[in-house]
Amino acid sequence: MSRNSQQYEFYQFEELTRDEIEALQAYRLPKTVAQALRAPWYAEHLDAAGIDPDTMTSYEALGDIPFTTKEDLRAGMPWEFLAVPKTEVVRMHYSSGTTGLATAIYHTAADIRRWSECVARGMLQVGVTSDDVFQNMMGYGLFTGGLGLHYPAELIGCLTIPAGAGNTTRQIEIIRNFGATVIHILPSYAMRVAHYCSKNGIDPARDLSLRIAFVGAEPYSRPARARLEQALGVKAYNCYGLSEMCGPGVAMECTAQEGLHLREDHYLAEIIDPDTLQPLPDGEEGELVLTTLTREANPLLRYRTGDISRLLPGPCPCGSQHRRIAPILGRTDDMLIIRGTNVYPMQVERILMAMPEVGSNYLITIETVDEMDQMTVSIELSEEYFTDDVRRLEGLRQRICNKLQQQLLFRPEVKLVEPHSLATSEGKAKRVQNNRQ
Ligand code: DLL
């Protein structure tokens with residue numbers, strides 16, 4: 001018999017009213033500031049900024065607190081941000097470091113429990129039950145994608161399979177043998193699994209028992225999600241997070257799939273203009289800034305995530321009153337400035353993934369040619385469309401160039417390549433190669 005979400009005590013926080021959420025935030029913010037003051041870094045910097053935790057009882061007061069950046073975390077490595085004695089720490093994760101030196105984040109036992117409950121709420125919200133068989137196809141280890149969904153799945157009572165990333169033959173074998181119904185996977189890896197299935201005559205909708213995929217850790221567009229859902233016969237729910245904020249589960253999609261609900265009783269969110277650092281109103285795109293509200297070991301105040309999103313105004317059709325963010329468009333440091341135009345790889349992906357002629361992988365290369373920036377998009381063709389007919393290929397190439405030009409306001413070079421010929425990686429996909437001088 002399946003248990004429903006109401007039977008999990010921690011699920012009640014999902015059902016708070018707007019007033020209750022805001023009251024809880026106002027109650028927790030001064031406590032979090034006081035906790036942060038136990039860390040040497042914040043003791044020094046908050047004192048210098050004249051911050052008194054007792055006055056931090058409103059969203060507006062938050063604006064007085066200085067931002068914390070990834071550079072600050074690096075400068076404070078390894079212990080400056082730790083707010084509890086080392087003996088109280090039970091786990092450490094290390095951020096992937098794709099944009100520079102990695103940083104450590106520490107957790108007490110209570111931090112781990114709260115993190116698990118946050119993620120479990122997101123899983124329950126889309127209908128995961130203790131009857132589900134959950135196969136975690138994300139890397140285990142310092143990366144938070146593995147353990148970050150493992151414990152929540154166990155908390156719900158799922159049969160939990162720590163498959164880890166890669167080895168697609170074995171993944172499919174396990175899905176089949178043990179009847180996995182829910183998976184957690186990187187979007188780029190999901191498309192490789194889909195390709196493996198089609199190459200081996202497996203129709204996931206018919207031959208596998210999958211129904212839900214939690215997909216995150218890297219940006220992907222709506223058309224890419226539609227492809228993934230179709231190819232694997234699942235409903236795919238976006239899951240966002242970052243190591244600095246525990247990991248996955250900061251925000252997750254509900255069944256309405258109209259944005260990702262923040263777990264606002266644990267994270268306070270702001271959107272700022274990354275240039276002026278001023279807060280932006282709901283609905284405007286900018287950098288997501290997060291403050292932890294319950295973390296003991298590593299409280300972070302106004303942490304600049306570097307991720308571009310917006311707070312979605314208005315209530316969600318699902319009824320939850322936790323606010324939503326739009327899917328992440330990219331990182332501030334992913335933004336390419338080409339001939340004076342700002343370009344996010346996701347803008348390119350949205351166009352490509354909506355075209356059935358295009359396969360699942362693409363690579364943007366930036367070079368300097370005659371002292372000018374040149375952007376080349378190498379695009380895999382889909383297997384159905386792959387042809388020797390040069391005229392047809394040239395027609396398609398021109399069509400893609402035109403669509404990209406309309407979006408980007410300059411004309412990139414487009415190269416069509418064979419299906420599955422671009423390099424793939426076990427971890428997060430690399431979409432941009434910057435060879436600019
Ligand atoms: O990627 C945590 C995670 C694991 C999230 C599994 C979701 C699922 P990091 O390795 O520290 O942590 O990388 C964090 O990845 O700042 C975003 O730029 C990006 N990212 C994470 N989730 C999404 C998403 C994990 N759903 C960085 N959409 C973040 C877009 C995402 N980007």
# chains A, B, ... in the order shown; residues from 1 in each chain; ligands from 1
$ closest_atom_pairs --of "chain A" --to "ligand 1" --cutoff "6 Å" --atoms "only C-alpha atoms and all ligand atoms" --output "CSV"
residue,atom,partner,partner_atom_place_in_ligand_line,distance
A:Ser95,CA,ligand 1,11 (O),4.7
A:Ser96,CA,ligand 1,10 (O),4.6
A:Phe143,CA,ligand 1,10 (O),5.9
A:Thr144,CA,ligand 1,4 (C),5.4
A:Gly145,CA,ligand 1,4 (C),3.7
A:Gly216,CA,ligand 1,26 (N),3.7
A:Ala217,CA,ligand 1,22 (N),3.3
A:Glu218,CA,ligand 1,32 (N),3.8
A:Pro219,CA,ligand 1,30 (C),3.3
A:Asn238,CA,ligand 1,26 (N),5.3
A:Cys239,CA,ligand 1,26 (N),4.5
A:Tyr240,CA,ligand 1,26 (N),3.6
A:Gly241,CA,ligand 1,5 (C),4.1
A:Leu242,CA,ligand 1,12 (O),3.6
A:Ser243,CA,ligand 1,11 (O),3.8
A:Gly247,CA,ligand 1,2 (C),4.2
A:Pro248,CA,ligand 1,5 (C),3.8
A:Thr305,CA,ligand 1,16 (O),5.7
A:Asp307,CA,ligand 1,18 (O),5.4
A:Ile328,CA,ligand 1,30 (C),4.6
A:Arg331,CA,ligand 1,18 (O),5.5
$ residues_around --residues "Ile271 in chain A" --least-positions-apart "2" --cutoff "9 Å" --atoms "only C-alpha atoms" --output "ChimeraX atom specification"
/A:269,273-274,278-282,284-290,308-311
$ select_by_dssp --residues "range 42-179 of chain A" --states "strand (DSSP E)" --output "PyMOL selection string"
chain A and resi 89-94+104-108+133-136+159-161
$ closest_atom_pairs --of "range 258-328 of chain A" --to "range 39-43 of chain A" --cutoff "12 Å" --atoms "only C-alpha atoms" --output "Markdown table"
| residue | atom | partner | partner_atom | distance |
| --- | --- | --- | --- | --- |
| A:Glu296 | CA | A:Ala39 | CA | 10.3 |
| A:Ala297 | CA | A:Ala39 | CA | 8.8 |
| A:Asn298 | CA | A:Ala39 | CA | 8.2 |
| A:Pro299 | CA | A:Ala39 | CA | 8.6 |
| A:Leu300 | CA | A:Tyr42 | CA | 9.1 |
| A:Leu301 | CA | A:Tyr42 | CA | 9.0 |
| A:Arg302 | CA | A:Tyr42 | CA | 11.8 |
$ select_by_dssp --residues "range 215-369 of chain A" --states "alpha helix (DSSP H)" --output "VMD selection string"
chain A and resid 222 to 232 345 to 353
$ residues_around --residues "range 18-34 of chain A" --least-positions-apart "3" --cutoff "7 Å" --atoms "only C-alpha atoms" --output "list in words"
Leu37, Pro53, Asp54, Met56, Thr57, Ser58, Glu264, Asp265, Leu293, Thr294, Pro299 and Gln321 of chain A
$ write_last_selection --atoms "C-alpha atoms" --output "CSV table (one decimal), in the first residue's frame"
chain,number,residue,atom,x,y,z
A,37,LEU,CA,28.5,35.4,13.6
A,53,PRO,CA,21.2,40.2,14.4
A,54,ASP,CA,18.4,41.5,16.5
A,56,MET,CA,17.4,41.5,11.1
A,57,THR,CA,13.7,40.6,11.2
A,58,SER,CA,12.5,41.6,7.8
A,264,GLU,CA,11.3,29.1,1.4
A,265,ASP,CA,11.3,28.0,5.0
A,293,LEU,CA,17.7,30.1,7.2
A,294,THR,CA,18.4,26.9,9.1
A,299,PRO,CA,25.3,29.5,7.3
A,321,GLN,CA,2.6,29.1,-1.6
$ residues_around --residues "Ile325 in chain A" --least-positions-apart "5" --cutoff "9 Å" --atoms "only C-alpha atoms" --output "PyMOL selection string"
chain A and resi 251+258-262+309-312
$ closest_residue --among "A:Arg295, A:Lys70, A:His107, A:Arg206" --to "Lys86 in chain A" --atoms "only C-alpha atoms"
A:His107
$ residues_around --residues "His150 in chain A" --least-positions-apart "2" --cutoff "12 Å" --atoms "only C-alpha atoms" --output "PyMOL selection string"
chain A and resi 112+115-117+119-120+123+133-141+144-148+152-164+182-184+248-249
$ residues_around --residues "Ala226 in chain A" --least-positions-apart "2" --cutoff "12 Å" --atoms "only C-alpha atoms" --output "PDB file with all heavy atoms, in the first residue's frame"
ATOM      1  N   PRO A 187      20.644  15.977 -17.473  1.00  0.00           N
ATOM      2  CA  PRO A 187      19.943  16.016 -18.768  1.00  0.00           C
ATOM      3  C   PRO A 187      20.800  15.497 -19.929  1.00  0.00           C
ATOM      4  O   PRO A 187      20.307  14.784 -20.799  1.00  0.00           O
ATOM      5  CB  PRO A 187      19.596  17.500 -18.950  1.00  0.00           C
ATOM      6  CG  PRO A 187      20.345  18.239 -17.893  1.00  0.00           C
ATOM      7  CD  PRO A 187      20.674  17.272 -16.807  1.00  0.00           C
ATOM      8  N   MET A 191      19.993  11.941 -22.392  1.00  0.00           N
ATOM      9  CA  MET A 191      19.887  11.817 -23.846  1.00  0.00           C
ATOM     10  C   MET A 191      20.799  10.692 -24.357  1.00  0.00           C
ATOM     11  O   MET A 191      20.498  10.046 -25.349  1.00  0.00           O
ATOM     12  CB  MET A 191      20.214  13.147 -24.541  1.00  0.00           C
ATOM     13  CG  MET A 191      19.172  14.229 -24.321  1.00  0.00           C
ATOM     14  SD  MET A 191      17.434  13.672 -24.415  1.00  0.00           S
ATOM     15  CE  MET A 191      17.274  13.247 -26.158  1.00  0.00           C
ATOM     16  N   TYR A 220      18.978  23.190 -18.936  1.00  0.00           N
ATOM     17  CA  TYR A 220      18.426  22.602 -20.163  1.00  0.00           C
ATOM     18  C   TYR A 220      17.134  23.328 -20.474  1.00  0.00           C
ATOM     19  O   TYR A 220      16.470  23.845 -19.592  1.00  0.00           O
ATOM     20  CB  TYR A 220      18.222  21.079 -20.026  1.00  0.00           C
ATOM     21  CG  TYR A 220      17.335  20.626 -18.893  1.00  0.00           C
ATOM     22  CD1 TYR A 220      16.056  20.143 -19.120  1.00  0.00           C
ATOM     23  CD2 TYR A 220      17.781  20.689 -17.570  1.00  0.00           C
ATOM     24  CE1 TYR A 220      15.243  19.721 -18.073  1.00  0.00           C
ATOM     25  CE2 TYR A 220      16.972  20.274 -16.521  1.00  0.00           C
ATOM     26  CZ  TYR A 220      15.710  19.801 -16.775  1.00  0.00           C
ATOM     27  OH  TYR A 220      14.904  19.391 -15.729  1.00  0.00           O
ATOM     28  N   SER A 221      16.800  23.344 -21.753  1.00  0.00           N
ATOM     29  CA  SER A 221      15.668  24.150 -22.199  1.00  0.00           C
ATOM     30  C   SER A 221      14.381  23.317 -22.164  1.00  0.00           C
ATOM     31  O   SER A 221      14.423  22.095 -22.067  1.00  0.00           O
ATOM     32  CB  SER A 221      15.930  24.633 -23.632  1.00  0.00           C
ATOM     33  OG  SER A 221      16.120  23.497 -24.454  1.00  0.00           O
ATOM     34  N   ARG A 222      13.245  24.004 -22.301  1.00  0.00           N
ATOM     35  CA  ARG A 222      11.950  23.304 -22.362  1.00  0.00           C
ATOM     36  C   ARG A 222      11.889  22.297 -23.516  1.00  0.00           C
ATOM     37  O   ARG A 222      11.475  21.159 -23.311  1.00  0.00           O
ATOM     38  CB  ARG A 222      10.820  24.319 -22.539  1.00  0.00           C
ATOM     39  CG  ARG A 222      10.074  24.534 -21.277  1.00  0.00           C
ATOM     40  CD  ARG A 222       8.975  25.547 -21.438  1.00  0.00           C
ATOM     41  NE  ARG A 222       8.503  25.923 -20.128  1.00  0.00           N
ATOM     42  CZ  ARG A 222       7.550  25.278 -19.462  1.00  0.00           C
ATOM     43  NH1 ARG A 222       6.922  24.269 -19.997  1.00  0.00           N
ATOM     44  NH2 ARG A 222       7.194  25.666 -18.263  1.00  0.00           N
ATOM     45  N   PRO A 223      12.314  22.710 -24.737  1.00  0.00           N
ATOM     46  CA  PRO A 223      12.282  21.704 -25.814  1.00  0.00           C
ATOM     47  C   PRO A 223      13.165  20.494 -25.513  1.00  0.00           C
ATOM     48  O   PRO A 223      12.825  19.370 -25.872  1.00  0.00           O
ATOM     49  CB  PRO A 223      12.803  22.464 -27.045  1.00  0.00           C
ATOM     50  CG  PRO A 223      12.740  23.905 -26.715  1.00  0.00           C
ATOM     51  CD  PRO A 223      12.691  24.044 -25.227  1.00  0.00           C
ATOM     52  N   ALA A 224      14.298  20.719 -24.818  1.00  0.00           N
ATOM     53  CA  ALA A 224      15.161  19.577 -24.472  1.00  0.00           C
ATOM     54  C   ALA A 224      14.432  18.668 -23.492  1.00  0.00           C
ATOM     55  O   ALA A 224      14.525  17.437 -23.580  1.00  0.00           O
ATOM     56  CB  ALA A 224      16.478  20.065 -23.863  1.00  0.00           C
ATOM     57  N   LEU A 228      13.465  14.690 -23.916  1.00  0.00           N
ATOM     58  CA  LEU A 228      13.886  13.706 -22.914  1.00  0.00           C
ATOM     59  C   LEU A 228      12.673  12.900 -22.412  1.00  0.00           C
ATOM     60  O   LEU A 228      12.733  11.674 -22.282  1.00  0.00           O
ATOM     61  CB  LEU A 228      14.522  14.524 -21.813  1.00  0.00           C
ATOM     62  CG  LEU A 228      15.249  13.918 -20.643  1.00  0.00           C
ATOM     63  CD1 LEU A 228      16.119  15.004 -20.047  1.00  0.00           C
ATOM     64  CD2 LEU A 228      14.345  13.372 -19.603  1.00  0.00           C
ATOM     65  N   GLU A 229      11.571  13.605 -22.172  1.00  0.00           N
ATOM     66  CA  GLU A 229      10.363  12.924 -21.668  1.00  0.00           C
ATOM     67  C   GLU A 229       9.872  11.907 -22.688  1.00  0.00           C
ATOM     68  O   GLU A 229       9.523  10.785 -22.358  1.00  0.00           O
ATOM     69  CB  GLU A 229       9.251  13.955 -21.383  1.00  0.00           C
ATOM     70  CG  GLU A 229       9.555  14.805 -20.163  1.00  0.00           C
ATOM     71  CD  GLU A 229       8.406  15.736 -19.770  1.00  0.00           C
ATOM     72  OE1 GLU A 229       7.699  16.218 -20.681  1.00  0.00           O
ATOM     73  OE2 GLU A 229       8.243  15.985 -18.555  1.00  0.00           O
ATOM     74  N   GLN A 230       9.897  12.346 -23.944  1.00  0.00           N
ATOM     75  CA  GLN A 230       9.416  11.469 -25.015  1.00  0.00           C
ATOM     76  C   GLN A 230      10.333  10.260 -25.174  1.00  0.00           C
ATOM     77  O   GLN A 230       9.889   9.126 -25.262  1.00  0.00           O
ATOM     78  CB  GLN A 230       9.386  12.313 -26.298  1.00  0.00           C
ATOM     79  CG  GLN A 230       8.146  12.146 -27.123  1.00  0.00           C
ATOM     80  CD  GLN A 230       8.409  11.147 -28.232  1.00  0.00           C
ATOM     81  OE1 GLN A 230       9.524  11.134 -28.763  1.00  0.00           O
ATOM     82  NE2 GLN A 230       7.422  10.326 -28.553  1.00  0.00           N
ATOM     83  N   ALA A 231      11.642  10.538 -25.162  1.00  0.00           N
ATOM     84  CA  ALA A 231      12.609   9.470 -25.432  1.00  0.00           C
ATOM     85  C   ALA A 231      12.669   8.439 -24.300  1.00  0.00           C
ATOM     86  O   ALA A 231      12.940   7.266 -24.550  1.00  0.00           O
ATOM     87  CB  ALA A 231      13.993  10.067 -25.652  1.00  0.00           C
ATOM     88  N   LEU A 232      12.418   8.855 -23.051  1.00  0.00           N
ATOM     89  CA  LEU A 232      12.533   7.894 -21.947  1.00  0.00           C
ATOM     90  C   LEU A 232      11.174   7.475 -21.375  1.00  0.00           C
ATOM     91  O   LEU A 232      11.118   6.659 -20.451  1.00  0.00           O
ATOM     92  CB  LEU A 232      13.400   8.468 -20.818  1.00  0.00           C
ATOM     93  CG  LEU A 232      14.906   8.600 -21.101  1.00  0.00           C
ATOM     94  CD1 LEU A 232      15.635   9.154 -19.898  1.00  0.00           C
ATOM     95  CD2 LEU A 232      15.520   7.259 -21.487  1.00  0.00           C
ATOM     96  N   GLY A 233      10.107   8.046 -21.928  1.00  0.00           N
ATOM     97  CA  GLY A 233       8.767   7.673 -21.446  1.00  0.00           C
ATOM     98  C   GLY A 233       8.552   8.064 -19.995  1.00  0.00           C
ATOM     99  O   GLY A 233       8.022   7.276 -19.202  1.00  0.00           O
ATOM    100  N   VAL A 234       9.016   9.260 -19.609  1.00  0.00           N
ATOM    101  CA  VAL A 234       8.885   9.717 -18.214  1.00  0.00           C
ATOM    102  C   VAL A 234       8.307  11.123 -18.165  1.00  0.00           C
ATOM    103  O   VAL A 234       8.254  11.815 -19.175  1.00  0.00           O
ATOM    104  CB  VAL A 234      10.272   9.798 -17.505  1.00  0.00           C
ATOM    105  CG1 VAL A 234      10.876   8.441 -17.280  1.00  0.00           C
ATOM    106  CG2 VAL A 234      11.235  10.712 -18.285  1.00  0.00           C
ATOM    107  N   LYS A 235       7.924  11.558 -16.991  1.00  0.00           N
ATOM    108  CA  LYS A 235       7.668  12.960 -16.720  1.00  0.00           C
ATOM    109  C   LYS A 235       8.965  13.463 -16.085  1.00  0.00           C
ATOM    110  O   LYS A 235       9.470  12.855 -15.134  1.00  0.00           O
ATOM    111  CB  LYS A 235       6.506  13.055 -15.711  1.00  0.00           C
ATOM    112  CG  LYS A 235       5.788  14.333 -15.791  1.00  0.00           C
ATOM    113  CD  LYS A 235       4.667  14.279 -16.815  1.00  0.00           C
ATOM    114  CE  LYS A 235       4.184  15.670 -17.135  1.00  0.00           C
ATOM    115  NZ  LYS A 235       4.629  16.229 -18.390  1.00  0.00           N
ATOM    116  N   ALA A 236       9.524  14.546 -16.639  1.00  0.00           N
ATOM    117  CA  ALA A 236      10.823  15.020 -16.133  1.00  0.00           C
ATOM    118  C   ALA A 236      10.625  16.275 -15.294  1.00  0.00           C
ATOM    119  O   ALA A 236      10.009  17.239 -15.751  1.00  0.00           O
ATOM    120  CB  ALA A 236      11.758  15.312 -17.292  1.00  0.00           C
ATOM    121  N   TYR A 237      11.111  16.256 -14.055  1.00  0.00           N
ATOM    122  CA  TYR A 237      10.976  17.402 -13.159  1.00  0.00           C
ATOM    123  C   TYR A 237      12.339  18.028 -12.893  1.00  0.00           C
ATOM    124  O   TYR A 237      13.285  17.326 -12.509  1.00  0.00           O
ATOM    125  CB  TYR A 237      10.315  16.979 -11.841  1.00  0.00           C
ATOM    126  CG  TYR A 237       8.894  16.507 -12.042  1.00  0.00           C
ATOM    127  CD1 TYR A 237       8.568  15.165 -11.948  1.00  0.00           C
ATOM    128  CD2 TYR A 237       7.889  17.414 -12.366  1.00  0.00           C
ATOM    129  CE1 TYR A 237       7.256  14.732 -12.155  1.00  0.00           C
ATOM    130  CE2 TYR A 237       6.585  16.995 -12.581  1.00  0.00           C
ATOM    131  CZ  TYR A 237       6.276  15.660 -12.467  1.00  0.00           C
ATOM    132  OH  TYR A 237       4.993  15.232 -12.679  1.00  0.00           O
ATOM    133  N   ASN A 238      12.379  19.343 -13.092  1.00  0.00           N
ATOM    134  CA  ASN A 238      13.623  20.080 -12.920  1.00  0.00           C
ATOM    135  C   ASN A 238      13.958  20.192 -11.430  1.00  0.00           C
ATOM    136  O   ASN A 238      13.096  20.490 -10.610  1.00  0.00           O
ATOM    137  CB  ASN A 238      13.445  21.479 -13.537  1.00  0.00           C
ATOM    138  CG  ASN A 238      14.764  22.167 -13.811  1.00  0.00           C
ATOM    139  OD1 ASN A 238      15.785  21.837 -13.198  1.00  0.00           O
ATOM    140  ND2 ASN A 238      14.751  23.119 -14.723  1.00  0.00           N
ATOM    141  N   GLN A 257       4.582  22.171 -13.364  1.00  0.00           N
ATOM    142  CA  GLN A 257       5.763  22.449 -14.197  1.00  0.00           C
ATOM    143  C   GLN A 257       5.799  23.880 -14.713  1.00  0.00           C
ATOM    144  O   GLN A 257       6.125  24.130 -15.859  1.00  0.00           O
ATOM    145  CB  GLN A 257       5.850  21.455 -15.354  1.00  0.00           C
ATOM    146  CG  GLN A 257       6.107  20.025 -14.864  1.00  0.00           C
ATOM    147  CD  GLN A 257       6.430  19.074 -15.978  1.00  0.00           C
ATOM    148  OE1 GLN A 257       5.623  18.935 -16.896  1.00  0.00           O
ATOM    149  NE2 GLN A 257       7.574  18.430 -15.921  1.00  0.00           N
ATOM    150  N   ARG A 350      17.609  26.490 -26.900  1.00  0.00           N
ATOM    151  CA  ARG A 350      16.157  26.521 -27.078  1.00  0.00           C
ATOM    152  C   ARG A 350      15.783  26.417 -28.553  1.00  0.00           C
ATOM    153  O   ARG A 350      14.838  25.738 -28.922  1.00  0.00           O
ATOM    154  CB  ARG A 350      15.602  27.841 -26.547  1.00  0.00           C
ATOM    155  CG  ARG A 350      15.253  27.775 -25.102  1.00  0.00           C
ATOM    156  CD  ARG A 350      14.465  29.014 -24.726  1.00  0.00           C
ATOM    157  NE  ARG A 350      14.771  29.374 -23.371  1.00  0.00           N
ATOM    158  CZ  ARG A 350      15.022  30.596 -22.937  1.00  0.00           C
ATOM    159  NH1 ARG A 350      15.022  31.613 -23.772  1.00  0.00           N
ATOM    160  NH2 ARG A 350      15.286  30.823 -21.681  1.00  0.00           N
ATOM    161  N   MET A 353      16.960  22.696 -29.967  1.00  0.00           N
ATOM    162  CA  MET A 353      16.211  21.525 -29.481  1.00  0.00           C
ATOM    163  C   MET A 353      14.749  21.527 -29.931  1.00  0.00           C
ATOM    164  O   MET A 353      14.054  20.529 -29.813  1.00  0.00           O
ATOM    165  CB  MET A 353      16.297  21.421 -27.954  1.00  0.00           C
ATOM    166  CG  MET A 353      17.686  21.087 -27.449  1.00  0.00           C
ATOM    167  SD  MET A 353      18.293  19.506 -28.089  1.00  0.00           S
ATOM    168  CE  MET A 353      19.891  19.964 -28.706  1.00  0.00           C
ATOM    169  N   ALA A 354      14.290  22.679 -30.458  1.00  0.00           N
ATOM    170  CA  ALA A 354      12.917  22.713 -30.977  1.00  0.00           C
ATOM    171  C   ALA A 354      12.878  22.231 -32.430  1.00  0.00           C
ATOM    172  O   ALA A 354      11.806  22.144 -33.026  1.00  0.00           O
ATOM    173  CB  ALA A 354      12.361  24.123 -30.854  1.00  0.00           C
ATOM    174  N   MET A 355      14.049  21.900 -33.006  1.00  0.00           N
ATOM    175  CA  MET A 355      14.083  21.470 -34.421  1.00  0.00           C
ATOM    176  C   MET A 355      14.301  19.959 -34.487  1.00  0.00           C
ATOM    177  O   MET A 355      15.339  19.457 -34.033  1.00  0.00           O
ATOM    178  CB  MET A 355      15.210  22.200 -35.165  1.00  0.00           C
ATOM    179  CG  MET A 355      15.035  23.707 -35.160  1.00  0.00           C
ATOM    180  SD  MET A 355      16.337  24.537 -36.088  1.00  0.00           S
ATOM    181  CE  MET A 355      15.865  24.151 -37.775  1.00  0.00           C
ATOM    182  N   PRO A 356      13.361  19.222 -35.067  1.00  0.00           N
ATOM    183  CA  PRO A 356      13.493  17.756 -35.095  1.00  0.00           C
ATOM    184  C   PRO A 356      14.711  17.273 -35.885  1.00  0.00           C
ATOM    185  O   PRO A 356      15.194  16.166 -35.667  1.00  0.00           O
ATOM    186  CB  PRO A 356      12.192  17.291 -35.764  1.00  0.00           C
ATOM    187  CG  PRO A 356      11.603  18.504 -36.402  1.00  0.00           C
ATOM    188  CD  PRO A 356      12.125  19.700 -35.680  1.00  0.00           C
ATOM    189  N   SER A 360      21.029  15.468 -30.259  1.00  0.00           N
ATOM    190  CA  SER A 360      20.967  15.878 -28.859  1.00  0.00           C
ATOM    191  C   SER A 360      22.173  16.684 -28.394  1.00  0.00           C
ATOM    192  O   SER A 360      22.213  17.135 -27.267  1.00  0.00           O
ATOM    193  CB  SER A 360      20.780  14.650 -27.970  1.00  0.00           C
ATOM    194  OG  SER A 360      21.810  13.736 -28.245  1.00  0.00           O
TER     195      SER A 360
END
$ atom_distance --atom1 "CA of Val348 in chain A" --atom2 "CA of Phe386 in chain A"
20.7 Å
$ closest_residue --among "A:Thr292, A:Met252, A:Ala61, A:Gln398" --to "His266 in chain A" --atoms "only C-alpha atoms"
A:Thr292
$ residues_around --residues "range 72-74 of chain A" --least-positions-apart "2" --cutoff "9 Å" --atoms "only C-alpha atoms" --output "CSV table (one decimal) with N, CA, C and O atoms, in the first residue's frame"
chain,number,residue,atom,x,y,z
A,41,TRP,N,34.8,34.3,9.6
A,41,TRP,CA,34.7,35.2,8.4
A,41,TRP,C,33.6,36.3,8.7
A,41,TRP,O,33.8,37.5,8.6
A,68,THR,N,27.9,37.6,0.1
A,68,THR,CA,29.0,36.6,0.2
A,68,THR,C,29.2,36.1,-1.2
A,68,THR,O,28.2,35.8,-1.9
A,69,THR,N,30.4,35.9,-1.6
A,69,THR,CA,30.7,35.4,-3.0
A,69,THR,C,31.5,34.2,-2.9
A,69,THR,O,32.1,33.8,-1.9
A,70,LYS,N,31.6,33.5,-4.1
A,70,LYS,CA,32.4,32.3,-4.2
A,70,LYS,C,33.9,32.6,-3.9
A,70,LYS,O,34.6,31.8,-3.3
A,76,GLY,N,38.2,32.0,2.4
A,76,GLY,CA,38.0,31.5,3.7
A,76,GLY,C,38.3,30.1,3.9
A,76,GLY,O,38.0,29.5,5.0
A,77,MET,N,38.8,29.4,2.9
A,77,MET,CA,39.0,28.0,3.0
A,77,MET,C,40.2,27.7,3.9
A,77,MET,O,41.2,28.5,3.9
A,78,PRO,N,40.3,26.7,4.7
A,78,PRO,CA,39.2,25.7,4.8
A,78,PRO,C,38.2,25.9,5.9
A,78,PRO,O,37.1,25.4,5.9
A,80,GLU,N,37.2,29.2,7.7
A,80,GLU,CA,36.8,30.5,8.2
A,80,GLU,C,35.2,30.6,8.2
A,80,GLU,O,34.7,31.5,8.8
A,81,PHE,N,34.5,29.8,7.4
A,81,PHE,CA,33.1,29.9,7.3
A,81,PHE,C,32.4,28.9,8.2
A,81,PHE,O,31.2,28.8,8.2
A,101,LEU,N,38.9,27.2,-8.3
A,101,LEU,CA,39.2,26.4,-7.1
A,101,LEU,C,38.0,25.9,-6.4
A,101,LEU,O,37.0,26.7,-6.2
A,102,ALA,N,37.9,24.6,-6.0
A,102,ALA,CA,36.7,24.1,-5.3
A,102,ALA,C,36.7,24.6,-3.9
A,102,ALA,O,37.7,25.0,-3.3
A,103,THR,N,35.4,24.6,-3.3
A,103,THR,CA,35.3,25.0,-1.9
A,103,THR,C,34.5,24.0,-1.2
A,103,THR,O,33.7,23.2,-1.7
A,104,ALA,N,34.8,23.9,0.2
A,104,ALA,CA,34.2,22.9,1.0
A,104,ALA,C,33.0,23.4,1.7
A,104,ALA,O,32.9,24.6,2.0
$ atom_distance --atom1 "CA of Gln171 in chain A" --atom2 "CA of Arg114 in chain A"
29.6 Å
$ closest_residue --among "A:Leu62, A:Ala36, A:Ile338, A:Val126" --to "Leu82 in chain A" --atoms "only C-alpha atoms"
A:Ala36
$ closest_residue --among "A:Val432, A:Val417, A:Leu352, A:Val84" --to "Cys401 in chain A" --atoms "only C-alpha atoms"
A:Leu352
$ atom_distance --atom1 "CA of Ala48 in chain A" --atom2 "CA of Cys246 in chain A"
27.4 Å
$ closest_residue --among "A:Thr108, A:Thr181, A:Gln12, A:Thr87" --to "Asp131 in chain A" --atoms "only C-alpha atoms"
A:Thr181
$ closest_residue --among "A:Pro66, A:Arg38, A:Leu16, A:Gly50" --to "Arg323 in chain A" --atoms "only C-alpha atoms"
A:Leu16
$ decode --residues "range 126-132 of chain A" --atoms "N, CA and C atoms" --output "PDB file, in the first residue's frame"
ATOM      1  N   VAL A 126       5.590  15.557  -6.330  1.00  0.00           N
ATOM      2  CA  VAL A 126       5.255  15.076  -7.685  1.00  0.00           C
ATOM      3  C   VAL A 126       4.840  13.607  -7.674  1.00  0.00           C
ATOM      4  N   GLY A 127       4.570  13.079  -6.481  1.00  0.00           N
ATOM      5  CA  GLY A 127       3.937  11.758  -6.435  1.00  0.00           C
ATOM      6  C   GLY A 127       4.848  10.573  -6.192  1.00  0.00           C
ATOM      7  N   VAL A 128       6.093  10.807  -5.749  1.00  0.00           N
ATOM      8  CA  VAL A 128       6.939   9.656  -5.384  1.00  0.00           C
ATOM      9  C   VAL A 128       6.379   9.072  -4.088  1.00  0.00           C
ATOM     10  N   THR A 129       6.315   7.755  -4.000  1.00  0.00           N
ATOM     11  CA  THR A 129       5.803   7.099  -2.784  1.00  0.00           C
ATOM     12  C   THR A 129       6.782   6.008  -2.344  1.00  0.00           C
ATOM     13  N   SER A 130       6.465   5.411  -1.202  1.00  0.00           N
ATOM     14  CA  SER A 130       7.332   4.341  -0.692  1.00  0.00           C
ATOM     15  C   SER A 130       7.266   3.096  -1.583  1.00  0.00           C
ATOM     16  N   ASP A 131       6.324   3.040  -2.504  1.00  0.00           N
ATOM     17  CA  ASP A 131       6.258   1.910  -3.443  1.00  0.00           C
ATOM     18  C   ASP A 131       7.257   2.050  -4.584  1.00  0.00           C
ATOM     19  N   ASP A 132       7.823   3.253  -4.743  1.00  0.00           N
ATOM     20  CA  ASP A 132       8.709   3.471  -5.892  1.00  0.00           C
ATOM     21  C   ASP A 132      10.086   2.831  -5.706  1.00  0.00           C
TER      22      ASP A 132
END
